[in-house]
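As structure tokens, the structure follows; a few thoughts come after it.
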Amino acid sequence: MKPRRIKAVACKEFLHVIRDPRSLMMGLAIPLLLLFLFGYALTLDVDRVPLMVWDQSNTAASRDFVSRFAGSRYFSLQGTTDTYREIERAIDRRDALIALVIPVDFARRLEAGRQVEVQAILDGSDSNTATIALGYANAVTMGYSRDIVLEQARRAGGDIAVGQLDVRPRIWFNSDMISRNYIFPGLIAVIMMVITALLTSLTVAREWETGTMEQLISTPLTGPELITGKLIPYFTVGIIDLLLSVLVGEFFFHIPLRGSLWLLFGMSVVFLIGALSLGMLISIITKNQRMASQLAIVSTMLPAFLLSGFIFPIENMPLPIQGITHIITARYFVTILRGIYLKDVGIEVLATEAGFLAVFGGVVITLAIRKFKKKIV
């Protein structure tokens, strides 16, 4: 390959990108839009769960119990009621996600040292949120129960033997348990996978549709020179997107970057080569821009969102689906970004993921070159 020829093709492609507002919009504006949209809208945190209470006891003990929920940052007391019908209407209107029904004999049974059953009614149409809210409710109830037992023991007099097991949890890497810190690095991987493959999927197909491919073929350009020259501009766009993503995460979302910035860019370069080559291969195979864009979206966006571990844990998927995820490059890049962002891991930990990305990029770009040679014969 001759660098002069590669430079000429790259300059031609750069001019096309600069003069085409749609390409610039797709390459720079859309990734930023997606980062802000998903960064603000997509969250797995469940805070301020709307709560309704039917206090049939209406005693100091029941009010103290309700105050534990109202004072928790996980619940937001929306009001009280005195019928199941009102609870049903509140849940139907999404004014409440959980309702507590405190029995009439709540205080009397507590004073007698007997078990009290408090009913918790949850909206199961959102099973994930309902499960988390139920866990919060159980934690508040257990804390209240423990305090009641201790208070009764003090009243009885004598020394109190308080639990012999004291668990003191310490959370590493994301101590505040903010889901955005976990989601944002994976979001960068998904956006880069989709945008870069989509951009390059139109390059060769556009040449065939406009009839300029015949002119390129008639020049001394070889297949590797043409493909390499076309990849360089979009590789530059990918690096700019990565830089913008890091800046947005740092200054807008305050995502901690604990690892090496150089390692982050190095791993991203390896990933970009594979993603861009995949788009180029799609463009060579289809020879049609509409079909190329559709195939690029199907082969990148859906796997990246669903099978990369970006949102849905791979360990919870059926075994056959888990096997399929091993060929999804976004899976490895998501792991790399989260490791660098949150854990400050080095290349010795990420060697397997980096090796897969390097092999994938080499295989795909080789296939693209061979397929292009067959197309022009």
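Residue numbers start at 1 in each chain; chains themselves are named A, B, ... in the order of the structure tokens; ligands are numbered from 1 in the order shown.
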Quiz item: Could you name the residues that touch Gly361 in chain A at 8 Å or less, counting only C-alpha atoms, but leaving out those on the same chain fewer than 4 positions away, as a list of chain:residue names?
Solution: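 The neighbour list is A:Val270, A:Phe271, A:Ile273, A:Gly274, A:Ala275, A:Ser277, A:Leu357, A:Ile365.
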Quiz prompt | Test item: residues at most 9 Å from Ile285 in chain A, only C-alpha atoms, excluding those fewer than 4 positions along its chain, as a list of chain:residue names | solution =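 Listing them by chain and then by number gives A:Ala205, A:Met280, A:Leu281, A:Ala292, A:Ala368, A:Lys371, A:Phe372, A:Lys375.
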Practice problem: Considering only C-alpha atoms, return as a count of residues only whatever protein or nucleic-acid residues lie within 9 Å of Gln294 in chain A, sequence-local ones (same chain, fewer than 5 positions apart) excluded. | Solution: 3
Exercise. Name the residues of range 78-194 of chain A that fall into helix (DSSP H, G or I) according to DSSP on the backbone, using the chain letters and numbers of this document, as a PyMOL selection string.
Key: chain A and resi 84-92+106-111+127-156+179-194
Practice problem: Write out as a PyMOL selection string which residues come within 12 Å of Ser175 in chain A when counting only C-alpha atoms, dropping same-chain ones fewer than 6 positions away. | Solution: chain A and resi 169+181-182+256+342-343
Mind writing the picked residues with C-alpha atoms as a compact mmCIF listing (two decimals), in the first residue's frame?
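The result, stored in result-v7.txt:
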```
# COMPACT_ATOMS: atom_id res chain seq x y z
CA PRO A 169 -21.10 -3.30 54.36
CA ASN A 181 -22.07 5.73 36.99
CA TYR A 182 -22.70 2.16 35.85
CA PRO A 256 -15.71 9.29 37.85
CA LEU A 342 -15.03 2.55 37.85
CA LYS A 343 -12.27 0.14 38.92
```
